[in-house]
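S.K.: You'll find model.cif just under this line, and it carries mmCIF, C-alpha atoms.
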```cif
data_query
#
loop_
_atom_site.label_atom_id
_atom_site.label_comp_id
_atom_site.auth_asym_id
_atom_site.auth_seq_id
_atom_site.Cartn_x
_atom_site.Cartn_y
_atom_site.Cartn_z
CA MET A 246 -8.27 -8.02 -11.51
CA LYS A 247 -9.29 -11.64 -11.47
CA ASN A 248 -6.30 -12.98 -13.40
CA ASP A 249 -3.81 -10.12 -13.00
CA SER A 250 -1.29 -12.21 -11.09
CA LYS A 251 -1.35 -15.02 -13.64
CA VAL A 252 -1.05 -12.68 -16.60
CA ILE A 253 1.84 -10.80 -15.02
CA LYS A 254 3.74 -14.01 -14.34
CA GLU A 255 3.18 -15.34 -17.85
CA THR A 256 4.17 -12.03 -19.42
CA ILE A 257 7.22 -10.91 -17.44
CA GLY A 258 8.36 -14.11 -15.78
CA GLU A 259 9.61 -14.66 -12.29
CA VAL A 260 11.09 -11.20 -11.63
CA MET A 261 7.89 -9.54 -10.47
CA LYS A 262 5.81 -12.38 -9.10
CA ASP A 263 6.09 -11.59 -5.38
CA ALA A 264 6.43 -7.81 -5.52
CA HIS A 265 4.20 -5.61 -3.39
CA PHE A 266 4.16 -2.08 -4.82
CA SER A 267 4.21 1.16 -2.89
CA GLN A 268 1.83 3.99 -3.70
CA ILE A 269 4.45 5.89 -5.72
CA ASP A 270 5.36 2.78 -7.71
CA ARG A 271 1.69 2.15 -8.43
CA GLN A 272 1.33 5.71 -9.69
CA LYS A 273 4.34 5.23 -11.95
CA VAL A 274 2.52 2.33 -13.56
CA LEU A 275 -0.55 4.48 -14.15
CA LEU A 276 1.47 7.27 -15.70
CA GLN A 277 3.37 4.98 -18.05
CA VAL A 278 0.12 3.37 -19.13
CA LYS A 279 -1.35 6.78 -19.91
CA ASN A 280 1.68 7.90 -21.90
CA LYS A 281 1.88 4.65 -23.84
CA ASN A 282 -1.76 4.82 -24.78
CA GLU A 283 -1.49 8.47 -25.83
CA GLU A 284 1.36 7.63 -28.20
CA LYS A 285 -0.89 5.15 -30.00
CA ALA A 286 -4.03 7.27 -30.18
CA TYR A 287 -3.96 10.94 -29.29
CA HIS A 288 -7.32 12.60 -29.81
CA HIS A 289 -10.08 14.33 -27.87
CA ASN A 290 -12.72 12.77 -25.66
CA PHE A 291 -11.19 9.41 -24.85
CA VAL A 292 -11.03 7.60 -21.55
CA ILE A 293 -8.04 5.58 -20.44
CA LEU A 294 -8.74 2.44 -18.46
CA TYR A 295 -5.51 1.74 -16.62
CA LYS A 296 -5.79 -1.78 -15.36
CA LYS A 297 -6.13 -3.61 -18.68
CA TYR A 298 -2.79 -2.21 -19.90
CA ILE A 299 -0.77 -2.61 -16.72
CA VAL A 300 1.27 -5.64 -17.82
CA THR A 301 2.69 -4.01 -20.96
CA THR A 302 4.37 -1.23 -18.99
CA ILE A 303 5.07 -2.66 -15.57
CA ILE A 304 8.76 -3.55 -16.03
CA ALA A 305 9.93 -0.20 -17.38
CA CYS A 306 8.43 1.92 -14.64
CA LEU A 307 9.01 -0.28 -11.59
CA PHE A 308 12.39 -1.95 -12.12
CA ILE A 309 14.44 0.75 -10.41
CA SER A 310 12.18 0.98 -7.38
CA LEU A 311 12.04 -2.79 -6.99
CA MET A 312 15.82 -3.07 -6.90
CA LEU A 313 16.02 -0.66 -4.00
CA THR A 314 12.81 -1.20 -2.09
CA PHE A 315 11.32 -4.68 -2.36
CA PRO A 316 12.61 -8.14 -1.42
CA LYS A 317 11.32 -11.39 -2.87
CA LEU A 318 8.65 -11.51 -0.17
CA SER A 319 7.22 -8.28 1.18
CA PRO A 320 9.26 -7.18 4.20
CA THR A 321 6.44 -6.50 6.67
CA LEU A 322 7.65 -8.47 9.69
CA ALA A 323 8.51 -11.44 7.50
CA ASN A 324 11.91 -11.96 9.09
CA THR A 325 11.04 -11.43 12.74
CA LEU A 326 7.85 -13.49 12.58
CA SER A 327 9.50 -16.42 10.81
CA SER A 328 10.66 -17.92 14.10
CA ILE A 329 7.33 -17.47 15.92
CA PRO A 330 5.03 -20.52 15.76
CA PHE A 331 1.89 -18.63 16.82
CA ILE A 332 0.75 -15.07 16.16
CA GLU A 333 -1.91 -13.72 18.49
CA SER A 334 -3.34 -11.39 15.84
CA ILE A 335 -2.28 -11.01 12.22
CA PHE A 336 -4.03 -7.64 12.10
CA LYS A 337 -2.00 -6.45 15.07
CA ALA A 338 1.22 -7.96 13.77
CA TYR A 339 1.31 -6.40 10.31
CA GLY A 340 -2.02 -4.91 9.40
CA ASP A 341 -2.29 -1.25 8.46
CA GLY A 342 -2.99 1.35 11.15
CA GLY A 343 -6.76 1.07 10.68
CA LEU A 344 -6.73 -2.68 11.29
CA LYS A 345 -4.61 -2.20 14.40
CA LYS A 346 -7.12 0.38 15.70
CA GLY A 347 -9.99 -1.94 14.85
CA LYS A 348 -8.39 -4.75 16.81
CA ASP A 349 -7.68 -2.50 19.79
CA SER A 350 -11.29 -1.25 19.74
CA GLN A 351 -12.68 -4.81 19.58
CA LEU A 352 -14.36 -4.18 16.23
CA VAL A 353 -12.80 -7.25 14.62
CA SER A 354 -14.78 -10.48 14.23
CA ASN A 355 -13.02 -13.76 14.98
CA ILE A 356 -14.09 -15.98 12.08
CA ILE A 357 -12.13 -19.25 12.17
CA ALA A 358 -13.39 -20.51 8.79
CA THR A 359 -11.34 -23.34 7.27
CA SER A 360 -10.97 -24.74 3.78
CA LYS A 361 -8.79 -27.67 2.64
CA SER A 362 -7.12 -28.43 -0.66
CA ASN A 363 -5.07 -31.62 -0.92
CA ASP A 364 -2.47 -31.46 1.86
CA VAL A 365 -2.90 -27.74 2.47
CA GLU A 366 -5.32 -26.00 4.83
CA MET A 367 -6.33 -22.35 4.84
CA THR A 368 -7.99 -20.66 7.81
CA ILE A 369 -9.51 -17.17 7.86
CA GLU A 370 -9.04 -15.94 11.42
CA GLU A 371 -10.12 -12.28 11.61
CA ALA A 372 -12.35 -10.01 9.56
CA ILE A 373 -13.69 -6.48 9.72
CA TYR A 374 -16.31 -4.74 7.56
CA ASP A 375 -16.99 -1.00 7.77
CA GLY A 376 -18.94 -0.40 4.56
CA GLU A 377 -15.86 1.01 2.81
CA ARG A 378 -13.74 -2.11 2.85
CA ILE A 379 -13.61 -5.69 4.05
CA SER A 380 -10.28 -6.90 5.41
CA PHE A 381 -9.54 -10.39 6.66
CA SER A 382 -6.49 -12.28 7.87
CA TYR A 383 -5.62 -15.85 7.06
CA VAL A 384 -3.09 -18.61 7.62
CA VAL A 385 -2.15 -21.20 5.01
CA GLU A 386 -0.55 -24.33 6.48
CA SER A 387 1.12 -27.07 4.44
CA LYS A 388 2.28 -30.50 5.58
CA LYS A 389 5.41 -29.94 3.51
CA PRO A 390 7.73 -26.94 3.90
CA ILE A 391 6.64 -23.99 1.77
CA LYS A 392 9.52 -23.06 -0.51
CA ASP A 393 7.47 -21.04 -2.98
CA TYR A 394 4.11 -19.30 -2.46
CA GLN A 395 2.21 -17.23 -5.02
CA ILE A 396 -1.32 -15.83 -5.08
CA ASP A 397 -2.73 -16.63 -8.52
CA ASN A 398 -6.27 -15.42 -7.93
CA LEU A 399 -7.96 -13.70 -4.99
CA ASN A 400 -11.63 -12.91 -5.39
CA VAL A 401 -14.60 -12.16 -3.18
CA SER A 402 -18.25 -12.29 -4.15
CA PHE A 403 -21.37 -11.61 -2.13
CA LYS A 404 -24.62 -13.46 -1.67
CA GLU A 405 -26.45 -10.70 -3.53
CA GLU A 406 -25.23 -11.11 -7.11
CA ALA A 407 -25.85 -7.45 -7.91
CA ARG A 408 -23.16 -6.45 -5.43
CA ALA A 409 -20.45 -8.70 -6.82
CA GLY A 410 -18.89 -5.98 -8.97
CA LEU A 411 -18.69 -3.26 -6.35
CA GLY A 412 -15.37 -4.12 -4.79
CA LYS A 413 -11.84 -3.53 -5.96
CA LEU A 414 -9.88 -6.47 -4.61
CA THR A 415 -6.27 -6.54 -3.50
CA ASP A 416 -4.12 -9.47 -2.47
CA GLY A 417 -2.61 -7.56 0.45
CA ASN A 418 0.51 -8.66 2.31
CA TYR A 419 1.54 -12.21 3.02
CA GLU A 420 4.47 -13.58 4.99
CA LEU A 421 6.18 -16.92 5.51
CA VAL A 422 5.93 -17.05 9.32
CA THR A 423 7.19 -20.62 9.80
CA PRO A 424 8.62 -23.11 7.28
CA ASN A 425 5.09 -24.57 6.87
CA LYS A 426 2.87 -21.50 7.36
CA VAL A 427 2.05 -18.36 5.41
CA ALA A 428 0.04 -15.59 7.07
CA GLY A 429 -1.60 -12.81 5.11
CA ILE A 430 -4.21 -10.08 4.85
CA GLY A 431 -6.71 -9.53 2.03
CA THR A 432 -8.79 -6.41 1.44
CA VAL A 433 -11.81 -5.51 -0.67
CA ASN A 434 -12.06 -1.78 -1.20
CA PHE A 435 -15.50 -0.59 -2.34
CA ILE A 436 -15.59 1.98 -5.14
CA LYS A 437 -18.59 3.94 -6.43
CA HIS A 438 -21.23 2.22 -4.36
CA LYS A 439 -24.44 2.91 -2.54
CA GLU A 440 -24.58 2.21 1.16
CA LEU A 441 -24.09 -1.49 1.80
CA PRO A 442 -26.29 -3.48 4.19
CA LYS A 443 -25.47 -3.82 7.87
CA GLU A 444 -24.97 -7.56 7.51
CA ILE A 445 -23.33 -9.08 4.46
CA GLU A 446 -22.48 -12.63 3.46
CA VAL A 447 -19.08 -12.86 1.80
CA HIS A 448 -17.60 -15.67 -0.27
CA PRO A 449 -13.79 -15.38 -0.43
CA TYR A 450 -12.09 -17.47 -3.11
CA TYR A 451 -8.33 -18.03 -3.09
CA ALA A 452 -6.25 -19.78 -5.73
CA VAL A 453 -2.60 -20.08 -4.76
CA VAL A 454 0.44 -21.89 -6.07
CA ILE A 455 2.48 -23.66 -3.39
CA ASN A 456 5.72 -25.31 -4.44
CA GLY A 457 4.46 -25.33 -8.01
CA LYS A 458 1.10 -26.96 -7.19
CA TYR A 459 -2.27 -25.24 -7.64
CA GLU A 460 -4.52 -25.07 -4.55
CA ILE A 461 -8.05 -23.60 -4.30
CA PHE A 462 -9.83 -22.48 -1.11
CA GLN A 463 -13.44 -21.26 -0.79
CA PHE A 464 -15.32 -19.83 2.19
CA GLU A 465 -18.68 -18.49 3.28
CA PHE A 466 -19.31 -16.34 6.34
CA LYS A 467 -21.32 -13.32 7.47
CA LEU A 468 -20.03 -9.99 8.71
CA THR A 469 -21.71 -7.13 10.54
CA LYS A 470 -20.79 -3.56 9.64
CA THR A 471 -19.03 -1.42 12.22
CA GLU A 472 -20.92 1.65 13.37
CA ASN A 473 -19.94 5.35 13.38
CA LEU A 474 -19.83 6.11 9.66
CA GLU A 475 -19.49 9.85 9.02
CA ILE A 476 -20.03 11.36 5.56
CA MET A 477 -19.10 14.91 4.64
CA ALA A 478 -19.64 16.52 1.24
CA PRO A 479 -17.58 19.73 1.37
CA MET A 480 -17.47 20.26 -2.44
CA ILE A 481 -14.58 22.70 -2.05
CA THR A 482 -12.67 23.78 -5.17
CA ARG A 483 -9.30 25.51 -5.55
CA GLN A 484 -7.90 26.96 -8.77
CA SER A 485 -4.34 27.93 -9.70
CA ASN A 486 -2.61 28.42 -13.07
CA GLU A 487 -5.47 26.83 -15.02
CA SER A 488 -5.47 23.78 -12.73
CA GLU A 489 -8.54 22.99 -10.65
CA PHE A 490 -8.83 20.66 -7.69
CA THR A 491 -12.08 19.66 -5.95
CA VAL A 492 -12.68 17.65 -2.78
CA GLU A 493 -16.14 16.19 -3.22
CA GLU A 494 -16.65 13.86 -0.27
CA ILE A 495 -14.94 12.49 2.82
CA LYS A 496 -16.10 9.29 4.49
CA ARG A 497 -14.83 8.31 7.93
CA THR A 498 -15.13 5.02 9.75
CA PRO A 499 -13.05 3.84 12.73
CA ILE A 500 -10.62 2.06 10.36
CA THR A 501 -10.82 3.87 7.00
CA THR A 502 -10.84 7.39 5.62
CA VAL A 503 -12.00 7.72 2.00
CA VAL A 504 -11.54 10.96 0.04
CA LYS A 505 -13.30 11.45 -3.31
CA MET A 506 -11.84 14.14 -5.57
CA SER A 507 -11.46 15.41 -9.12
CA PHE A 508 -8.57 17.23 -10.79
CA LYS A 509 -8.21 19.22 -14.01
CA ARG A 510 -5.00 20.59 -15.52
CA PRO A 511 -3.62 21.68 -18.91
CA LEU A 512 -2.84 18.76 -21.15
CA THR A 513 0.76 17.63 -21.51
CA LYS A 514 1.27 14.95 -24.13
CA LYS A 515 4.64 13.84 -22.80
CA ASP A 516 4.55 13.92 -19.04
CA ASP A 517 7.20 12.36 -16.80
CA LYS A 518 5.46 13.35 -13.59
CA ILE A 519 2.67 11.77 -11.58
CA LEU A 520 -0.11 13.27 -9.51
CA MET A 521 -0.55 12.13 -5.91
CA PHE A 522 -2.47 13.27 -2.84
CA ARG A 523 -1.61 13.47 0.85
CA LEU A 524 -3.97 13.56 3.82
CA ILE A 525 -2.60 15.65 6.70
CA THR A 526 -4.22 16.31 10.08
CA ASN A 527 -4.34 19.67 11.84
CA GLU A 528 -1.46 18.39 14.02
CA GLY A 529 0.72 17.93 10.93
CA GLU A 530 0.56 14.11 10.89
CA VAL A 531 0.57 12.53 7.42
CA ILE A 532 -1.98 9.69 7.31
CA PRO A 533 -0.70 6.62 5.44
CA TRP A 534 -2.41 5.33 2.33
CA ILE A 535 -4.00 1.92 2.48
CA TYR A 536 -1.76 0.34 -0.10
CA ASN A 537 -3.38 -1.41 -3.07
CA THR A 538 -6.70 0.39 -2.67
CA HIS A 539 -5.90 3.44 -4.80
CA GLY A 540 -8.33 4.12 -7.64
CA TYR A 541 -8.85 6.56 -10.51
CA GLY A 542 -12.09 6.61 -12.42
CA GLY A 543 -10.26 7.48 -15.64
CA ILE A 544 -8.86 10.42 -17.57
CA THR A 545 -10.84 12.34 -20.16
CA ILE A 546 -9.33 14.89 -22.55
CA LYS A 547 -11.64 17.89 -22.99
CA ASP A 548 -10.76 21.20 -24.65
CA ASN A 549 -7.04 20.57 -24.33
CA MET A 550 -7.47 19.92 -20.61
CA GLU A 551 -6.76 16.69 -18.78
CA VAL A 552 -9.71 15.92 -16.53
CA VAL A 553 -9.17 13.26 -13.88
CA ASP A 554 -12.62 12.15 -12.73
CA SER A 555 -13.68 10.18 -9.68
CA ILE A 556 -10.38 9.95 -7.86
CA GLN A 557 -10.80 7.88 -4.71
CA GLU A 558 -8.01 7.55 -2.19
CA SER A 559 -8.28 5.32 0.88
CA PHE A 560 -6.28 6.20 3.97
CA GLU A 561 -6.00 4.72 7.43
CA GLY A 562 -8.59 5.77 9.99
CA LEU A 563 -8.31 9.16 11.66
CA ASP A 564 -8.21 9.75 15.38
CA GLU A 565 -11.69 10.71 16.57
CA ASN A 566 -10.30 13.96 18.04
CA THR A 567 -8.92 15.21 14.71
CA ASP A 568 -10.26 18.75 14.16
CA SER A 569 -9.50 19.10 10.45
CA VAL A 570 -7.62 17.55 7.56
CA THR A 571 -5.80 19.03 4.59
CA ILE A 572 -5.86 17.24 1.24
CA GLN A 573 -2.72 18.21 -0.59
CA PRO A 574 -1.97 17.46 -4.27
CA MET A 575 1.66 16.94 -5.21
CA ILE A 576 3.66 16.15 -8.33
CA VAL A 577 6.31 13.41 -8.23
CA ASN A 578 9.05 13.23 -10.86
CA ILE A 579 9.65 9.65 -11.97
CA ASN A 580 12.73 10.35 -14.09
CA SER A 581 15.10 9.14 -11.39
CA THR A 582 17.93 6.69 -11.96
CA TYR A 583 19.03 3.91 -9.67
CA ASN A 584 22.21 5.32 -8.16
CA PRO A 585 22.40 4.18 -4.53
CA ILE A 586 24.90 5.40 -1.98
CA GLU A 587 26.68 2.64 -0.07
CA GLU A 588 28.83 3.20 2.99
CA PRO A 589 29.93 1.27 6.12
CA PHE A 590 27.19 0.83 8.70
CA ARG A 591 28.35 2.53 11.89
CA GLY A 592 25.32 1.70 14.02
CA LYS A 593 24.00 4.33 16.39
CA ASP A 594 24.44 7.98 15.33
CA THR A 595 24.54 7.07 11.63
CA ASN A 596 23.12 10.02 9.68
CA LEU A 597 21.67 9.69 6.18
CA ASP A 598 20.82 12.49 3.79
CA ILE A 599 18.05 11.12 1.54
CA GLY A 600 17.86 14.26 -0.58
CA GLY A 601 14.55 15.99 -0.98
CA TRP A 602 12.81 13.24 0.98
CA GLY A 603 14.51 14.34 4.21
CA LYS A 604 17.06 13.07 6.72
CA ILE A 605 17.48 9.94 8.84
CA ASN A 606 19.28 9.71 12.17
CA ILE A 607 19.77 6.25 13.68
CA ILE A 608 19.36 6.67 17.43
CA GLY A 609 19.45 3.07 18.64
CA VAL A 610 20.68 -0.40 17.68
CA LYS A 611 19.80 -3.36 19.88
CA TYR A 612 20.27 -7.12 19.54
CA THR A 613 17.82 -9.59 21.06
CA GLY A 614 18.92 -13.09 20.22
CA ASN A 615 19.25 -13.17 16.46
CA VAL A 616 17.08 -10.08 15.91
CA MET A 617 18.59 -6.62 15.43
CA THR A 618 16.28 -3.66 16.14
CA ILE A 619 17.14 -0.30 14.62
CA THR A 620 15.41 2.83 15.92
CA TYR A 621 15.69 5.93 13.79
CA GLU A 622 14.31 9.42 13.43
CA LEU A 623 12.86 10.29 10.05
CA ASN A 624 12.60 14.02 9.42
CA SER A 625 10.53 14.15 6.27
CA PRO A 626 7.26 15.56 4.89
CA PHE A 627 6.88 12.24 3.01
CA PRO A 628 7.12 9.54 5.68
CA PHE A 629 5.29 6.65 3.98
CA SER A 630 6.37 6.87 0.37
CA HIS A 631 8.88 4.00 0.57
CA SER A 632 8.71 0.59 2.20
CA ASN A 633 12.40 0.85 3.07
CA TYR A 634 14.37 4.09 3.02
CA PHE A 635 17.56 2.08 3.49
CA THR A 636 18.75 -1.51 3.39
CA LEU A 637 21.69 -3.34 4.96
CA LYS A 638 24.13 -5.63 3.19
CA ASP A 639 26.66 -8.13 4.54
CA ARG A 640 30.14 -8.71 3.15
CA LYS A 641 28.85 -11.48 0.86
CA GLY A 642 26.42 -9.09 -0.76
CA LYS A 643 23.22 -10.41 0.85
CA VAL A 644 20.64 -7.64 1.29
CA TYR A 645 18.57 -7.34 4.49
CA TYR A 646 15.25 -5.49 4.54
CA GLY A 647 13.84 -4.00 7.72
CA ALA A 648 10.41 -5.00 8.99
CA ASN A 649 8.48 -2.09 10.54
CA LYS A 650 7.77 -2.82 14.18
CA SER A 651 6.31 0.58 15.01
CA ILE A 652 5.95 4.11 13.65
CA THR A 653 5.37 7.00 16.06
CA PHE A 654 4.38 10.52 15.06
CA LYS A 655 6.18 13.05 17.23
CA GLU A 656 5.48 16.38 15.52
CA LYS A 657 5.21 17.79 12.03
CA ASP A 658 7.71 16.08 9.70
CA HIS A 659 9.20 14.10 12.62
CA TYR A 660 8.59 10.37 13.04
CA ILE A 661 10.26 7.59 15.01
CA PHE A 662 10.58 4.22 13.23
CA GLU A 663 11.52 0.87 14.73
CA GLU A 664 12.66 -1.78 12.25
CA GLU A 665 13.76 -5.35 12.92
CA TYR A 666 16.28 -7.46 11.02
CA MET A 667 16.47 -11.24 11.36
CA ASN A 668 19.62 -13.40 11.27
CA ILE A 669 21.89 -10.51 10.34
CA PRO A 670 25.61 -10.44 11.20
CA LYS A 671 26.83 -7.89 13.71
CA LYS A 672 29.96 -6.89 11.82
CA GLU A 673 31.07 -5.85 8.34
CA LEU A 674 27.70 -4.43 7.31
CA THR A 675 27.13 -1.67 4.80
CA ILE A 676 24.09 0.58 4.52
CA GLU A 677 22.57 1.51 1.16
CA TYR A 678 20.19 4.40 0.50
CA MET A 679 19.13 6.86 -2.20
CA GLN A 680 19.11 10.63 -2.53
CA GLU A 681 16.00 11.59 -4.45
CA GLU A 682 14.28 14.73 -5.68
CA ALA A 683 11.46 15.94 -3.46
CA PRO A 684 7.91 15.96 -4.84
CA GLU A 685 6.48 19.34 -5.79
CA ILE A 686 3.70 20.23 -3.34
CA LEU A 687 0.87 22.14 -5.02
CA LYS A 688 0.38 24.46 -2.07
CA ASP A 689 -2.01 26.79 -3.91
CA LEU A 690 -4.40 23.90 -4.58
CA GLU A 691 -4.46 22.26 -1.15
CA ILE A 692 -7.83 22.15 0.59
CA GLU A 693 -8.48 22.16 4.33
CA VAL A 694 -11.71 20.53 5.48
CA PRO A 695 -13.00 21.07 9.05
CA LEU A 696 -14.22 17.86 10.68
CA LYS A 697 -15.95 19.42 13.68
#
```
Can the structure in the file be given as structure tokens, please?
M.R.:
Amino acid sequence: MKNDSKVIKETIGEVMKDAHFSQIDRQKVLLQVKNKNEEKAYHHNFVILYKKYIVTTIIACLFISLMLTFPKLSPTLANTLSSIPFIESIFKAYGDGGLKKGKDSQLVSNIIATSKSNDVEMTIEEAIYDGERISFSYVVESKKPIKDYQIDNLNVSFKEEARAGLGKLTDGNYELVTPNKVAGIGTVNFIKHKELPKEIEVHPYYAVVINGKYEIFQFEFKLTKTENLEIMAPMITRQSNESEFTVEEIKRTPITTVVKMSFKRPLTKKDDKILMFRLITNEGEVIPWIYNTHGYGGITIKDNMEVVDSIQESFEGLDENTDSVTIQPMIVNINSTYNPIEEPFRGKDTNLDIGGWGKINIIGVKYTGNVMTITYELNSPFPFSHSNYFTLKDRKGKVYYGANKSITFKEKDHYIFEEEYMNIPKKELTIEYMQEEAPEILKDLEIEVPLK
């Protein structure tokens, strides 16, 4: 994906340049790519490579979701952190759950590696390496205010040239935390690899565009792998209505859970549905995906069957006391239209029916200075499928996106979210949300894997 960002910008312009896609949106891209390719050449024994066709289909399948879900910059604490001159830990502030656990468990290395380009300086502050991924946090500081920031190219190589192609790189989240600083997180997710060495020398390379000017940053530093890797190879298969699902391997580290699978189902030439997988603990907690690290090995058509080989999903790390997990396939219908519901925001005790996705009950609204914190209950089997289940809008039409401060699992299908909104008026607000069709859970194909 070396030049993905540049190609996307050149092909579809400014609309998509700062979008960060959710897992469902990413799957919509993959489905549309598959369908488009099948229309051009439909025959047996071919393999679809998704990434090289992503630009040609990205607008059609993501436009609706972007209108509802994504602001110009990703919403993860962007607003609330914009007034804070110093962040103690970027991982703790807006890393995924695995990075937060890694920081709490003192598994994170403090790097402090700096690179300069013209009047801009980039510093990598934290890094963690568990053999399944490398994640690192950084701050970009400019002498001039940053009005526009884009990642053009994010790449990581290793000292051993043979290992350079093992990782699938993502640009991660980045936020404008002060007028002159951008903070972000980058991740390399390893796919189809042998065990990596305990110590590895990494060479991150960033090319960014700041206020229209190209800047390049390069680094070198060593990382030591975290311990406690567990590998299970259950090789469990379930069959139902000609479909077949196999869980081949589960890898666990303190910060990452990787599930390798395969799936086979009857071929449908025109398919408006996408296949996804959930990881659920024995307590009923849905474990979030690590966004941007999803990977399919490809689709092969054999004997009128669609065979999805080498599926690898990366999830946040499991609690060490988890007794078992269930891997659950589900089918999501993407033929939804953008038809939001807008009504006056009444504050506490506002109740939202979000259709098949569940219900929301706002149980608290608090103002601290210019920050509004909304606490709400989400009763849903699908708690992490959207970045924002609702947005707020002022009387001038400006849209405000919540930044997740915390997510607490209470019991099965019951979560407590805290979201913060910066510089939002206290009166004349409306709330906007969607009612959507629930995914179809393939209950007959789900597989439970004991971990103890």
S.K.: Just the number, please: distance in Å from atom CA of A:Asp393 to atom CA of A:Asn355, one decimal.
M.R.: 28.2 Å
S.K.: When the PyMOL selection byres ((chain A and resi 365) around 9) is applied to the structure above, which residues does it catch, written out as a PDB file with C-alpha atoms, in the coordinates of the input?
M.R.:
```
ATOM      1  CA  SER A 360     -10.970 -24.740   3.780  1.00  0.00           C
ATOM      2  CA  LYS A 361      -8.790 -27.670   2.640  1.00  0.00           C
ATOM      3  CA  SER A 362      -7.120 -28.430  -0.660  1.00  0.00           C
ATOM      4  CA  ASN A 363      -5.070 -31.620  -0.920  1.00  0.00           C
ATOM      5  CA  ASP A 364      -2.470 -31.460   1.860  1.00  0.00           C
ATOM      6  CA  GLU A 366      -5.320 -26.000   4.830  1.00  0.00           C
ATOM      7  CA  MET A 367      -6.330 -22.350   4.840  1.00  0.00           C
ATOM      8  CA  VAL A 385      -2.150 -21.200   5.010  1.00  0.00           C
ATOM      9  CA  GLU A 386      -0.550 -24.330   6.480  1.00  0.00           C
ATOM     10  CA  SER A 387       1.120 -27.070   4.440  1.00  0.00           C
ATOM     11  CA  LYS A 388       2.280 -30.500   5.580  1.00  0.00           C
ATOM     12  CA  LYS A 389       5.410 -29.940   3.510  1.00  0.00           C
ATOM     13  CA  ILE A 455       2.480 -23.660  -3.390  1.00  0.00           C
ATOM     14  CA  GLU A 460      -4.520 -25.070  -4.550  1.00  0.00           C
TER      15      GLU A 460
END
```
S.K.: Would you mind telling me which residue in A:Leu344, A:Ile357, A:Val577, A:Leu441 lies nearest to A:Gly562 when using only C-alpha atoms?
M.R.: A:Leu344
S.K.: On this file, the PyMOL selection byres ((chain A and resi 341) around 10) gives some set of residues; write that set as an mmCIF file with C-alpha atoms, in the frame of the given file.
M.R.:
```cif
data_model
loop_
_atom_site.group_PDB
_atom_site.id
_atom_site.type_symbol
_atom_site.label_atom_id
_atom_site.label_comp_id
_atom_site.auth_asym_id
_atom_site.auth_seq_id
_atom_site.Cartn_x
_atom_site.Cartn_y
_atom_site.Cartn_z
ATOM 1 C CA PHE A 336 -4.030 -7.640 12.100
ATOM 2 C CA LYS A 337 -2.000 -6.450 15.070
ATOM 3 C CA ALA A 338 1.220 -7.960 13.770
ATOM 4 C CA TYR A 339 1.310 -6.400 10.310
ATOM 5 C CA GLY A 340 -2.020 -4.910 9.400
ATOM 6 C CA GLY A 342 -2.990 1.350 11.150
ATOM 7 C CA GLY A 343 -6.760 1.070 10.680
ATOM 8 C CA LEU A 344 -6.730 -2.680 11.290
ATOM 9 C CA LYS A 345 -4.610 -2.200 14.400
ATOM 10 C CA LYS A 346 -7.120 0.380 15.700
ATOM 11 C CA ILE A 430 -4.210 -10.080 4.850
ATOM 12 C CA ILE A 500 -10.620 2.060 10.360
ATOM 13 C CA PRO A 533 -0.700 6.620 5.440
ATOM 14 C CA TRP A 534 -2.410 5.330 2.330
ATOM 15 C CA ILE A 535 -4.000 1.920 2.480
ATOM 16 C CA TYR A 536 -1.760 0.340 -0.100
ATOM 17 C CA PHE A 560 -6.280 6.200 3.970
ATOM 18 C CA GLU A 561 -6.000 4.720 7.430
ATOM 19 C CA GLY A 562 -8.590 5.770 9.990
#
```
S.K.: Please report the interatomic distance between atom CA of A:Leu524 and atom CA of A:Ile572 in Å with one decimal.
M.R.: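 We find that atom CA of A:Leu524 and atom CA of A:Ile572 lie 4.9 Å from each other.
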S.K.: Extract, using all atoms listed in the file, all DNA, RNA and protein residues at most 7 Å from A:Phe590, discarding same-chain residues fewer than 4 positions from it, and format them as a PyMOL selection string.
M.R.: chain A and resi 674-676
S.K.: In Å, with one decimal, what is the gap from atom CA of A:Leu512 to atom CA of A:Val570?
M.R.: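 So the answer is 29.1 Å.
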S.K.: For this file, the PyMOL selection byres ((chain A and resi 639) around 9) selects which residues, as a list in words?
M.R.: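 With the shown file as input, the PyMOL selection byres ((chain A and resi 639) around 9) matches Leu637, Lys638, Arg640, Lys641, Gly642, Lys643, Val644, Tyr645, Ile669, Pro670, Lys672, Glu673, Leu674 and Thr675 of chain A.
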S.K.: For A:Pro499, which of A:Glu664, A:Glu551, A:Glu530, A:Glu565 is the closest residue, counting all atoms listed in the file?
M.R.: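 Of the candidates, the smallest distance to A:Pro499 is held by A:Glu565.
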S.K.: For A:Phe654, list every protein, DNA or RNA residue within 9 Å, evaluated using all atoms listed in the file, and leave out those in the same chain fewer than 5 positions away; present the list as a ChimeraX atom specification.
M.R.: /A:530-531,659-661
S.K.: If you keep C-alpha atoms, can you produce a file of those selected residues as a compact mmCIF listing (two decimals), in the frame of the given file?
M.R.:
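Saved as again.txt:
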```txt
# COMPACT_ATOMS: atom_id res chain seq x y z
CA GLU A 530 0.56 14.11 10.89
CA VAL A 531 0.57 12.53 7.42
CA HIS A 659 9.20 14.10 12.62
CA TYR A 660 8.59 10.37 13.04
CA ILE A 661 10.26 7.59 15.01
```
S.K.: Restricting the calculation to all atoms listed in the file: of A:Ile495, A:Ala372, A:Ile461, A:Met679, which residue gets closest to A:Lys604?
M.R.: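 Result for the nearest residue to A:Lys604: A:Met679.
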S.K.: Enumerate, as an mmCIF file with C-alpha atoms, keeping the file's coordinate frame, the protein, DNA and RNA residues whose atoms approach (13.1, 7.1, 16.0) to within 6 Å, taking into account all atoms listed in the file and the coordinate frame of the file.
M.R.:
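See selection_5.cif below for the written result:
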```cif
data_model
loop_
_atom_site.group_PDB
_atom_site.id
_atom_site.type_symbol
_atom_site.label_atom_id
_atom_site.label_comp_id
_atom_site.auth_asym_id
_atom_site.auth_seq_id
_atom_site.Cartn_x
_atom_site.Cartn_y
_atom_site.Cartn_z
ATOM 1 C CA THR A 620 15.410 2.830 15.920
ATOM 2 C CA TYR A 621 15.690 5.930 13.790
ATOM 3 C CA GLU A 622 14.310 9.420 13.430
ATOM 4 C CA ILE A 661 10.260 7.590 15.010
ATOM 5 C CA PHE A 662 10.580 4.220 13.230
#
```
